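Note: the block below is model.csv and it holds CSV, C-alpha atoms.
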chain,number,residue,atom,x,y,z
A,1,MET,CA,31.7,70.4,102.2
A,2,ARG,CA,31.0,70.9,98.5
A,3,CYS,CA,33.2,69.6,95.8
A,4,GLU,CA,32.9,69.5,92.0
A,5,ARG,CA,34.0,65.9,91.4
A,6,LEU,CA,34.4,62.9,93.6
A,7,TRP,CA,36.0,59.5,92.9
A,8,ARG,CA,34.9,56.8,95.3
A,9,ASN,CA,35.7,53.1,95.6
A,10,VAL,CA,39.3,53.5,94.5
A,11,ARG,CA,42.6,52.1,95.7
A,12,MET,CA,45.3,54.7,95.8
A,13,ALA,CA,49.1,54.8,95.6
A,14,THR,CA,49.3,58.4,97.0
A,15,LEU,CA,53.1,58.6,97.0
A,16,ALA,CA,52.7,60.9,100.0
A,17,PRO,CA,56.0,61.2,101.9
A,18,THR,CA,54.2,60.9,105.2
A,19,LEU,CA,53.1,57.3,104.4
A,20,PRO,CA,55.4,54.3,103.9
A,21,GLY,CA,56.3,52.9,100.5
A,22,LEU,CA,53.8,53.9,97.9
A,23,GLY,CA,51.4,55.4,100.4
A,24,ILE,CA,48.7,52.8,99.8
A,25,VAL,CA,45.2,53.6,100.7
A,26,GLU,CA,42.5,50.9,100.3
A,27,ASP,CA,38.9,51.9,99.9
A,28,GLY,CA,40.0,55.4,99.0
A,29,LEU,CA,38.2,58.5,98.1
A,30,ILE,CA,39.3,61.6,96.2
A,31,ALA,CA,37.4,64.9,96.1
A,32,ALA,CA,38.3,67.9,93.9
A,33,ARG,CA,37.3,71.5,93.7
A,34,GLY,CA,38.7,74.3,91.5
A,35,GLY,CA,41.2,71.9,90.0
A,36,ARG,CA,42.7,71.0,93.3
A,37,ILE,CA,42.5,68.0,95.6
A,38,LEU,CA,40.2,68.7,98.4
A,39,TYR,CA,40.6,65.3,100.1
A,40,ALA,CA,42.5,62.2,99.2
A,41,GLY,CA,42.4,59.3,101.7
A,42,PRO,CA,40.4,56.6,103.3
A,43,ALA,CA,36.7,56.9,102.6
A,44,GLY,CA,35.9,56.2,106.2
A,45,GLU,CA,37.9,59.3,107.3
A,46,ALA,CA,36.5,61.7,104.7
A,47,PRO,CA,34.6,64.8,105.8
A,48,ALA,CA,30.9,65.1,104.7
A,49,LEU,CA,31.0,65.8,101.0
A,50,GLU,CA,28.4,67.0,98.6
A,51,ALA,CA,29.6,66.4,95.0
A,52,GLU,CA,28.3,67.8,91.7
A,53,GLU,CA,29.6,64.6,90.1
A,54,SER,CA,30.4,61.3,91.8
A,55,ILE,CA,32.4,58.6,89.9
A,56,ASP,CA,32.6,55.0,90.9
A,57,GLY,CA,36.2,53.9,90.5
A,58,GLU,CA,35.1,50.2,90.7
A,59,GLY,CA,38.2,49.3,92.7
A,60,ARG,CA,40.7,50.7,90.2
A,61,TRP,CA,44.1,51.9,91.2
A,62,VAL,CA,44.8,55.7,91.2
A,63,THR,CA,48.2,57.2,91.2
A,64,PRO,CA,49.3,60.8,90.7
A,65,GLY,CA,49.4,61.8,87.1
A,66,LEU,CA,52.8,60.8,85.6
A,67,ILE,CA,55.5,63.5,85.2
A,68,ASP,CA,58.3,63.5,82.6
A,69,PRO,CA,61.0,65.8,84.0
A,70,HIS,CA,63.5,65.7,81.2
A,71,THR,CA,62.6,65.8,77.5
A,72,HIS,CA,63.8,67.5,74.2
A,73,LEU,CA,60.3,67.1,72.7
A,74,VAL,CA,60.6,70.1,70.3
A,75,TYR,CA,62.9,69.5,67.3
A,76,GLY,CA,63.0,69.2,63.5
A,77,GLY,CA,63.7,66.1,61.5
A,78,ASP,CA,64.9,62.7,62.8
A,79,ARG,CA,68.1,60.8,63.1
A,80,ALA,CA,67.2,57.3,62.0
A,81,GLN,CA,70.2,57.3,59.7
A,82,GLU,CA,72.5,57.9,62.6
A,83,PHE,CA,70.9,54.9,64.4
A,84,GLU,CA,71.9,52.8,61.4
A,85,ARG,CA,75.5,54.1,61.7
A,86,ARG,CA,75.6,53.2,65.4
A,87,LEU,CA,74.3,49.7,64.6
A,88,ALA,CA,77.3,49.5,62.2
A,89,GLY,CA,79.7,50.4,65.0
A,90,ALA,CA,80.0,54.2,65.0
A,91,SER,CA,80.1,55.8,68.5
A,92,TYR,CA,77.9,58.8,69.6
A,93,GLU,CA,81.1,60.9,69.8
A,94,GLU,CA,82.2,59.9,66.3
A,95,ILE,CA,78.9,60.8,64.8
A,96,ALA,CA,78.9,64.2,66.7
A,97,LEU,CA,82.4,65.0,65.6
A,98,SER,CA,81.5,64.2,61.9
A,99,GLY,CA,78.8,66.8,61.8
A,100,GLY,CA,75.9,64.6,62.9
A,101,GLY,CA,74.3,64.4,66.3
A,102,ILE,CA,72.9,67.5,67.8
A,103,LEU,CA,74.1,69.6,64.8
A,104,SER,CA,72.1,67.5,62.4
A,105,THR,CA,69.0,68.2,64.4
A,106,MET,CA,70.0,71.9,64.7
A,107,ARG,CA,69.9,72.2,60.9
A,108,ALA,CA,66.4,70.7,60.7
A,109,THR,CA,65.2,72.8,63.6
A,110,ARG,CA,66.4,76.1,62.2
A,111,VAL,CA,64.6,75.6,58.9
A,112,ALA,CA,61.3,74.6,60.6
A,113,ASP,CA,58.9,77.4,61.6
A,114,GLU,CA,57.2,77.5,64.9
A,115,ALA,CA,54.0,75.9,63.6
A,116,ALA,CA,56.0,73.0,62.1
A,117,LEU,CA,57.8,72.4,65.4
A,118,VAL,CA,54.5,72.3,67.2
A,119,SER,CA,52.9,70.0,64.6
A,120,THR,CA,55.8,67.5,64.7
A,121,ALA,CA,56.0,67.5,68.5
A,122,LEU,CA,52.3,66.8,69.0
A,123,PRO,CA,52.3,63.1,68.2
A,124,ARG,CA,55.1,62.6,70.7
A,125,LEU,CA,53.3,64.6,73.3
A,126,ASP,CA,50.0,62.7,72.6
A,127,ALA,CA,51.8,59.4,73.1
A,128,LEU,CA,52.9,60.4,76.6
A,129,ILE,CA,49.5,61.8,77.5
A,130,ALA,CA,47.9,58.5,76.4
A,131,GLU,CA,49.9,56.8,79.2
A,132,GLY,CA,48.7,59.1,82.0
A,133,MET,CA,51.3,61.9,81.8
A,134,THR,CA,50.0,65.2,83.1
A,135,THR,CA,53.2,67.3,83.5
A,136,ILE,CA,56.2,67.6,81.2
A,137,GLU,CA,59.4,69.5,80.9
A,138,ILE,CA,60.5,70.5,77.4
A,139,LYS,CA,64.0,71.9,76.6
A,140,SER,CA,65.2,74.0,73.8
A,141,GLY,CA,68.7,73.3,72.6
A,142,TYR,CA,68.4,72.4,68.9
A,143,GLY,CA,68.2,76.0,67.6
A,144,LEU,CA,71.6,77.2,69.0
A,145,SER,CA,70.9,80.8,67.9
A,146,LEU,CA,69.0,83.4,69.8
A,147,ALA,CA,66.0,83.4,67.4
A,148,ASP,CA,65.8,79.7,67.0
A,149,GLU,CA,66.1,79.0,70.8
A,150,LEU,CA,63.3,81.4,71.5
A,151,LYS,CA,61.3,79.9,68.6
A,152,SER,CA,61.7,76.5,70.2
A,153,LEU,CA,60.6,77.7,73.6
A,154,ARG,CA,57.5,79.4,72.2
A,155,ALA,CA,56.6,76.1,70.4
A,156,ALA,CA,56.9,74.3,73.8
A,157,ARG,CA,54.7,76.9,75.5
A,158,THR,CA,52.1,76.5,72.6
A,159,LEU,CA,52.0,72.7,73.3
A,160,GLY,CA,50.8,73.5,76.8
A,161,ARG,CA,47.9,75.6,75.4
A,162,VAL,CA,46.7,73.1,72.7
A,163,ARG,CA,46.7,70.1,75.0
A,164,PRO,CA,45.5,69.5,78.5
A,165,VAL,CA,48.9,69.2,80.1
A,166,SER,CA,51.2,71.3,82.2
A,167,VAL,CA,54.4,72.3,80.4
A,168,THR,CA,57.5,73.7,82.0
A,169,THR,CA,60.2,74.9,79.7
A,170,THR,CA,64.0,74.9,80.0
A,171,LEU,CA,66.5,77.0,78.0
A,172,LEU,CA,69.3,74.7,76.8
A,173,GLY,CA,71.3,77.1,74.7
A,174,ALA,CA,74.5,75.5,76.0
A,175,HIS,CA,73.7,72.1,74.3
A,176,ALA,CA,76.3,72.1,71.6
A,177,LEU,CA,78.6,74.5,69.7
A,178,PRO,CA,77.0,75.7,66.5
A,179,PRO,CA,79.3,75.7,63.4
A,180,GLU,CA,79.4,79.4,63.2
A,181,PHE,CA,81.2,79.5,66.5
A,182,ALA,CA,83.3,76.4,66.0
A,183,ASP,CA,86.5,78.5,66.4
A,184,ASN,CA,85.3,80.6,69.3
A,185,PRO,CA,83.4,78.7,71.9
A,186,GLU,CA,83.7,81.4,74.5
A,187,GLN,CA,82.0,83.8,72.2
A,188,TYR,CA,79.1,81.4,71.9
A,189,VAL,CA,78.9,81.1,75.7
A,190,ASP,CA,78.8,84.9,75.7
A,191,LEU,CA,75.7,84.7,73.4
A,192,VAL,CA,74.0,82.2,75.7
A,193,CYS,CA,74.8,84.3,78.8
A,194,ASP,CA,74.3,87.8,77.5
A,195,ALA,CA,71.5,87.3,75.0
A,196,MET,CA,69.6,84.0,75.2
A,197,ILE,CA,69.2,83.9,79.0
A,198,PRO,CA,68.1,87.6,79.4
A,199,ALA,CA,65.7,87.3,76.4
A,200,ALA,CA,64.1,84.1,77.5
A,201,ALA,CA,63.8,85.4,81.1
A,202,SER,CA,62.3,88.7,80.1
A,203,ALA,CA,59.8,87.1,77.7
A,204,GLY,CA,58.8,84.5,80.4
A,205,LEU,CA,59.7,81.7,78.0
A,206,ALA,CA,62.0,79.7,80.4
A,207,ASP,CA,61.3,78.2,83.8
A,208,ALA,CA,64.9,77.0,84.1
A,209,VAL,CA,68.3,76.9,82.4
A,210,ASP,CA,70.3,73.7,81.5
A,211,ALA,CA,73.6,72.9,80.0
A,212,PHE,CA,75.5,69.9,78.6
A,213,CYS,CA,78.7,69.7,80.7
A,214,GLU,CA,80.7,67.1,78.7
A,215,GLY,CA,83.9,66.7,76.6
A,216,ILE,CA,81.8,67.1,73.4
A,217,GLY,CA,79.7,69.8,75.1
A,218,PHE,CA,80.8,72.6,77.5
A,219,SER,CA,83.5,72.7,80.1
A,220,ALA,CA,82.8,73.1,83.8
A,221,ALA,CA,84.2,76.7,83.6
A,222,GLN,CA,81.8,77.5,80.7
A,223,THR,CA,78.9,75.8,82.5
A,224,ARG,CA,79.7,78.0,85.6
A,225,ARG,CA,79.3,81.1,83.4
A,226,VAL,CA,75.9,79.9,82.2
A,227,PHE,CA,74.8,79.2,85.8
A,228,GLU,CA,75.9,82.6,87.0
A,229,ALA,CA,73.9,84.2,84.2
A,230,ALA,CA,70.8,82.2,85.0
A,231,ARG,CA,71.2,83.1,88.7
A,232,ALA,CA,71.4,86.8,87.7
A,233,HIS,CA,68.1,86.5,85.9
A,234,GLY,CA,66.3,84.6,88.7
A,235,LEU,CA,66.2,81.2,86.9
A,236,PRO,CA,66.9,77.9,88.6
A,237,VAL,CA,69.4,75.6,86.9
A,238,LYS,CA,69.8,71.9,86.1
A,239,LEU,CA,72.5,70.0,84.3
A,240,HIS,CA,73.3,67.2,81.8
A,241,ALA,CA,76.2,65.8,83.9
A,242,GLU,CA,78.5,62.8,84.0
A,243,GLN,CA,76.9,61.1,81.0
A,244,LEU,CA,80.1,60.1,79.1
A,245,SER,CA,82.8,61.1,81.5
A,246,ASN,CA,83.3,62.7,84.9
A,247,LEU,CA,83.8,66.5,84.7
A,248,ASN,CA,82.5,67.0,88.2
A,249,GLY,CA,79.4,68.6,86.7
A,250,ALA,CA,77.1,67.3,89.4
A,251,ALA,CA,79.1,68.9,92.1
A,252,LEU,CA,79.0,72.2,90.2
A,253,ALA,CA,75.2,71.9,89.8
A,254,ALA,CA,74.9,71.2,93.5
A,255,GLU,CA,77.0,74.3,94.3
A,256,PHE,CA,74.3,76.3,92.5
A,257,GLY,CA,71.5,74.5,94.2
A,258,ALA,CA,70.4,72.9,91.0
A,259,LEU,CA,67.0,71.4,90.7
A,260,SER,CA,68.5,68.3,89.2
A,261,ALA,CA,71.6,66.7,87.7
A,262,ASP,CA,70.7,64.3,84.9
A,263,HIS,CA,72.2,61.1,83.3
A,264,LEU,CA,75.0,60.5,85.9
A,265,GLU,CA,76.5,57.3,84.6
A,266,TYR,CA,80.0,58.5,85.6
A,267,LEU,CA,79.0,60.2,88.8
A,268,ASP,CA,81.5,59.6,91.7
A,269,GLU,CA,81.0,59.6,95.4
A,270,ALA,CA,82.0,63.2,95.8
A,271,GLY,CA,79.3,64.2,93.4
A,272,VAL,CA,76.8,62.0,95.2
A,273,GLN,CA,77.5,63.7,98.5
A,274,ALA,CA,77.4,67.2,97.0
A,275,MET,CA,74.0,66.4,95.5
A,276,ALA,CA,72.8,65.0,98.9
A,277,ARG,CA,73.9,68.2,100.7
A,278,ALA,CA,72.2,70.5,98.2
A,279,GLY,CA,69.0,68.5,97.8
A,280,THR,CA,69.6,68.2,94.1
A,281,VAL,CA,67.6,65.4,92.4
A,282,ALA,CA,69.2,62.7,90.4
A,283,THR,CA,67.3,62.4,87.2
A,284,LEU,CA,68.1,59.0,85.6
A,285,LEU,CA,67.5,58.4,81.9
A,286,PRO,CA,67.4,54.6,81.2
A,287,GLY,CA,66.2,55.2,77.6
A,288,ALA,CA,69.4,56.9,76.7
A,289,PHE,CA,71.4,54.3,78.5
A,290,TYR,CA,69.7,51.6,76.6
A,291,PHE,CA,69.7,53.3,73.2
A,292,VAL,CA,73.4,54.2,73.1
A,293,ARG,CA,74.3,50.8,74.6
A,294,GLU,CA,76.0,52.3,77.6
A,295,THR,CA,77.7,49.8,79.9
A,296,ARG,CA,78.5,51.9,82.9
A,297,LEU,CA,75.5,52.1,85.2
A,298,PRO,CA,74.6,55.2,87.2
A,299,PRO,CA,75.5,54.7,90.9
A,300,VAL,CA,72.0,53.9,92.1
A,301,GLU,CA,73.1,52.2,95.3
A,302,ALA,CA,75.3,55.2,96.3
A,303,LEU,CA,72.4,57.6,95.5
A,304,ARG,CA,70.1,55.4,97.5
A,305,ALA,CA,72.5,55.3,100.5
A,306,ALA,CA,72.9,59.0,100.5
A,307,ARG,CA,69.2,59.6,100.2
A,308,VAL,CA,69.5,61.5,97.0
A,309,PRO,CA,66.0,61.6,95.4
A,310,MET,CA,65.9,59.7,92.1
A,311,ALA,CA,63.6,60.9,89.3
A,312,LEU,CA,63.1,59.1,86.0
A,313,ALA,CA,62.4,60.6,82.6
A,314,THR,CA,62.2,59.6,78.9
A,315,ASP,CA,64.9,62.0,77.7
A,316,CYS,CA,62.7,62.0,74.5
A,317,ASN,CA,65.1,63.3,71.8
A,318,PRO,CA,65.9,62.3,68.2
A,319,GLY,CA,69.4,61.0,68.7
A,320,THR,CA,69.9,59.1,71.9
A,321,SER,CA,66.4,58.4,73.3
A,322,PRO,CA,63.5,58.5,70.8
A,323,LEU,CA,61.2,57.3,73.6
A,324,THR,CA,57.7,58.4,74.4
A,325,SER,CA,56.7,56.0,77.2
A,326,LEU,CA,57.1,56.6,80.9
A,327,LEU,CA,55.7,53.1,81.5
A,328,LEU,CA,58.7,51.6,79.6
A,329,VAL,CA,61.0,54.0,81.4
A,330,MET,CA,59.9,52.5,84.7
A,331,ASN,CA,60.5,48.9,83.4
A,332,MET,CA,63.9,49.9,82.1
A,333,ALA,CA,64.9,51.5,85.4
A,334,ALA,CA,63.9,48.3,87.2
A,335,THR,CA,65.6,45.9,84.9
A,336,LEU,CA,68.7,47.9,83.9
A,337,PHE,CA,69.3,50.0,87.0
A,338,ARG,CA,67.8,47.6,89.6
A,339,MET,CA,65.4,50.2,91.0
A,340,THR,CA,62.5,49.0,93.1
A,341,VAL,CA,58.8,49.3,92.2
A,342,PRO,CA,58.3,52.1,94.8
A,343,GLU,CA,61.4,53.9,93.5
A,344,CYS,CA,60.2,53.7,89.9
A,345,LEU,CA,56.7,55.0,90.6
A,346,ALA,CA,58.1,57.7,92.8
A,347,GLY,CA,60.5,58.6,90.0
A,348,VAL,CA,57.8,59.5,87.6
A,349,THR,CA,55.6,61.2,90.1
A,350,ARG,CA,56.8,62.6,93.4
A,351,GLU,CA,60.6,62.8,92.6
A,352,ALA,CA,59.9,64.0,89.1
A,353,ALA,CA,57.9,66.9,90.5
A,354,ARG,CA,60.7,67.7,92.9
A,355,ALA,CA,63.2,67.7,89.9
A,356,LEU,CA,61.1,70.4,88.3
A,357,GLY,CA,60.7,72.5,91.5
A,358,MET,CA,57.0,71.6,91.5
A,359,GLY,CA,56.8,69.4,94.6
A,360,ALA,CA,54.4,71.7,96.3
A,361,GLU,CA,52.1,71.6,93.2
A,362,THR,CA,51.9,68.1,92.0
A,363,GLY,CA,53.4,64.6,92.2
A,364,THR,CA,51.4,63.1,95.1
A,365,LEU,CA,47.8,62.6,96.0
A,366,GLU,CA,47.5,65.1,98.8
A,367,ALA,CA,45.0,67.9,99.7
A,368,GLY,CA,45.9,71.2,98.2
A,369,LYS,CA,47.8,69.8,95.2
A,370,ARG,CA,46.6,70.0,91.6
A,371,CYS,CA,44.1,67.2,90.9
A,372,ASP,CA,46.3,65.3,88.4
A,373,LEU,CA,45.4,61.6,88.4
A,374,ALA,CA,46.1,58.5,86.4
A,375,ILE,CA,43.5,55.7,86.9
A,376,TRP,CA,44.6,52.2,86.0
A,377,ASP,CA,43.1,48.9,85.1
A,378,VAL,CA,45.6,46.8,87.1
A,379,GLU,CA,45.4,44.5,90.0
A,380,ARG,CA,48.5,45.9,91.8
A,381,PRO,CA,50.8,48.9,91.2
A,382,ALA,CA,53.7,46.7,90.4
A,383,GLU,CA,52.1,45.9,87.0
A,384,LEU,CA,52.8,49.4,85.9
A,385,VAL,CA,56.5,48.6,86.2
A,386,TYR,CA,56.4,44.9,85.2
A,387,ARG,CA,54.6,45.0,81.8
A,388,MET,CA,56.1,46.1,78.5
A,389,GLY,CA,54.1,47.3,75.5
A,390,LEU,CA,50.7,47.3,77.4
A,391,ASN,CA,49.0,50.5,78.4
A,392,PRO,CA,46.5,49.8,81.2
A,393,LEU,CA,45.4,53.5,81.6
A,394,HIS,CA,41.6,53.7,82.2
A,395,ALA,CA,41.4,57.5,82.6
A,396,ARG,CA,43.6,60.5,83.0
A,397,VAL,CA,42.6,63.6,85.0
A,398,TRP,CA,44.4,66.9,84.6
A,399,SER,CA,43.5,69.8,86.9
A,400,GLY,CA,40.4,68.0,88.0
A,401,GLN,CA,39.1,67.5,84.4

Encoding of this model in structure tokens:
Amino acid sequence: MRCERLWRNVRMATLAPTLPGLGIVEDGLIAARGGRILYAGPAGEAPALEAEESIDGEGRWVTPGLIDPHTHLVYGGDRAQEFERRLAGASYEEIALSGGGILSTMRATRVADEAALVSTALPRLDALIAEGMTTIEIKSGYGLSLADELKSLRAARTLGRVRPVSVTTTLLGAHALPPEFADNPEQYVDLVCDAMIPAAASAGLADAVDAFCEGIGFSAAQTRRVFEAARAHGLPVKLHAEQLSNLNGAALAAEFGALSADHLEYLDEAGVQAMARAGTVATLLPGAFYFVRETRLPPVEALRAARVPMALATDCNPGTSPLTSLLLVMNMAATLFRMTVPECLAGVTREAARALGMGAETGTLEAGKRCDLAIWDVERPAELVYRMGLNPLHARVWSGQ
């Protein structure tokens, strides 16, 4: 059997669901052809392979390429001044209600052209890539007008063309209420449902639709309207849910078969059970929890008991999680949320892929999946969760390259 590239003498954490724990394979071998994994498993069980290029892994550990399933990577400006206000005691809600928060970034995003949005996002993207990230979700949500939301989605798509990374895009028009609709929120929801979603769908700019279901965002009834419009245009949904309060957003997301419900600090048992029944992934965002000094933990034990898959993400955004390290995300999830090493590693690979509806494409080291690899200079996989501020990446492989 011919292959283009072969990695031998590697130890693998395959994350394959058919194997226990991390799916460890000692003395492993990975063969790739056409950007796909042809074989990943014990060298002694591999078929006869003839490789154009053979690479000695020298006993290094290989995991699936890391996946960031929740980011707001494309935006204008920054909000360092709001960080200072929070240090002085202002709450996230107080800042938002005084014209800061999302609306501050909206103003900077609206005045930036598409090229500027790409240029400012690239350093953030490059930081994630440098740590072995091969797939990323990027949301809009800082334009809050038809033209500016589409501009942001186009910028996100461009990032996937100028860097060797898989980009999936999400329309988050229902992120905040822009000032021109301050007195008529229903009319803005009309704009999201009747203009933004159809335009993004017809242009092929969005792979999913998201909303911020919260007291300072959109009500459950308004979110339902957004979800119904997304369904009408064939787009899956996900939701910012139960971050600051419990509006039963996770249960609503589950009702629509959402890919994921994200944040979830105020998730209750009914929401957990609804997600379990629907197969909706819980995407946890420890960077935001840390940065806004949240004290209420997401119900990890309840999610674990109900077998709800748990993904992890940076939530990279200018206001509440200016974070561009999935390695640090894993450490935060372990220390703050008490997640285990296997849960953390699965959260940025297998379960992150599931949260994007890409579980059949990437996230594990299995034959047929895209050959996305992260090759590490570590003695054991736990080091990837244990260390802070050290990047042990030896090599990153995207689509076999």

Coordinates of box centre and edge lengths for region 200-211 of chain A, 4 Å on every side, axis-aligned, as lines of an AutoDock Vina configuration file:
center_x = 66.2
center_y = 80.8
center_z = 80.8
size_x = 22.8
size_y = 23.8
size_z = 14.6

Report as CSV the residues of region 9-94 of chain A within 12 Å of region 245-262 of chain A, each with its shortest atom pair and distance in Å (one decimal), using only C-alpha atoms, ordered by chain and increasing residue number.
residue,atom,partner,partner_atom,distance
A:Pro69,CA,A:Ser260,CA,9.5
A:His70,CA,A:Asp262,CA,8.2
A:Thr71,CA,A:Asp262,CA,11.1
A:Glu93,CA,A:Ser245,CA,11.8

Item to complete: Please identify all polymer residues within 12 Å of Glu361 (chain A), counting only C-alpha atoms, omitting same-chain residues fewer than 4 positions from it, and present them as a ChimeraX atom specification.
Response: /A:35-37,64-65,67,135,166,349-350,352-354,356-357,365-372,399

Dump as a tab-separated table the rows for residues of region 148-175 of chain A within 12 Å of region 229-244 of chain A: closest atom pair and distance in Å with one decimal, all atoms listed in the file counted, ordered by chain and rising residue number.
residue	atom	partner	partner_atom	distance
A:Thr169	CA	A:Leu235	CA	11.3
A:Thr170	CA	A:Val237	CA	8.8
A:Leu171	CA	A:Val237	CA	9.5
A:Leu172	CA	A:Leu239	CA	9.4
A:Gly173	CA	A:Ala230	CA	11.5
A:Ala174	CA	A:Leu239	CA	10.2
A:His175	CA	A:His240	CA	9.0

Fill in: Residues within 7 Å of (79.0, 74.3, 85.9), counting only C-alpha atoms, listed as an MDAnalysis selection string
chainID A and resid 213 220:224 227 249 252:253

Considering only C-alpha atoms, tabulate each residue of region 318-367 of chain A that lies at most 12 Å from region 100-121 of chain A along with its nearest interatomic pair and the corresponding distance in Å to one decimal; arrange the rows by chain and ascending residue number and present them as a Markdown table.
| residue | atom | partner | partner_atom | distance |
| --- | --- | --- | --- | --- |
| A:Pro318 | CA | A:Thr105 | CA | 7.7 |
| A:Gly319 | CA | A:Gly101 | CA | 6.4 |
| A:Thr320 | CA | A:Gly101 | CA | 8.9 |
| A:Pro322 | CA | A:Ala121 | CA | 11.9 |
| A:Thr324 | CA | A:Ala121 | CA | 11.0 |

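Distance annotation: of A:Val300, A:Ile30, A:Gly23, A:Ala176, the residue with the minimal separation from Ala96 (chain A) is A:Ala176; atom set is all atoms listed in the file.
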
Item to complete: State, in Å with one decimal place, the distance from CA of Pro381 (chain A) to CA of Glu265 (chain A).
Response: 27.8 Å

Fill in: Non-local contacts of region 44-60 of chain A (9 Å; all atoms listed in the file; under 4 positions in same chain excluded) as a VMD selection string
chain A and resid 1 to 12 26 to 32 39 to 40 375 to 379 394

Keeping C-alpha atoms for every residue in the selection just given, could you write it to a file as a CSV table (one decimal), keeping the file's coordinate frame?
chain,number,residue,atom,x,y,z
A,1,MET,CA,31.7,70.4,102.2
A,2,ARG,CA,31.0,70.9,98.5
A,3,CYS,CA,33.2,69.6,95.8
A,4,GLU,CA,32.9,69.5,92.0
A,5,ARG,CA,34.0,65.9,91.4
A,6,LEU,CA,34.4,62.9,93.6
A,7,TRP,CA,36.0,59.5,92.9
A,8,ARG,CA,34.9,56.8,95.3
A,9,ASN,CA,35.7,53.1,95.6
A,10,VAL,CA,39.3,53.5,94.5
A,11,ARG,CA,42.6,52.1,95.7
A,12,MET,CA,45.3,54.7,95.8
A,26,GLU,CA,42.5,50.9,100.3
A,27,ASP,CA,38.9,51.9,99.9
A,28,GLY,CA,40.0,55.4,99.0
A,29,LEU,CA,38.2,58.5,98.1
A,30,ILE,CA,39.3,61.6,96.2
A,31,ALA,CA,37.4,64.9,96.1
A,32,ALA,CA,38.3,67.9,93.9
A,39,TYR,CA,40.6,65.3,100.1
A,40,ALA,CA,42.5,62.2,99.2
A,375,ILE,CA,43.5,55.7,86.9
A,376,TRP,CA,44.6,52.2,86.0
A,377,ASP,CA,43.1,48.9,85.1
A,378,VAL,CA,45.6,46.8,87.1
A,379,GLU,CA,45.4,44.5,90.0
A,394,HIS,CA,41.6,53.7,82.2

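Taking CA of Val25 (chain A) and CA of Ala360 (chain A) as the two end points, the separation is 20.8 Å.
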
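Here CA of Leu19 (chain A) stands at a distance of 19.5 Å from CA of Met339 (chain A).
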
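Nearest to Ala200 (chain A) of all the residues A:Arg33, A:Lys151, A:Arg293, A:Arg225 is A:Lys151, based on all atoms listed in the file.
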
Discussion item. Which residues are near Arg387 (chain A)? Cut-off 10 Å, only C-alpha atoms, ignore same chain within fewer than 3 positions. Put them as a PyMOL selection string.
Written reply: chain A and resi 327-328+330-331+382-384+390-392

Practice prompt. With a distance cut-off of 8 Å and all atoms listed in the file, select the neighbouring residues of Pro309 (chain A), excluding the residue or stretch itself and same-chain residues fewer than 4 positions from it, and output the selection as a ChimeraX atom specification.
Written response: /A:279-282,303-304,351

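With all atoms listed in the file as the basis for measurement, A:Met332 is the residue among A:Ile129, A:Ala346, A:Met196, A:Met332 that approaches Met388 (chain A) most closely.
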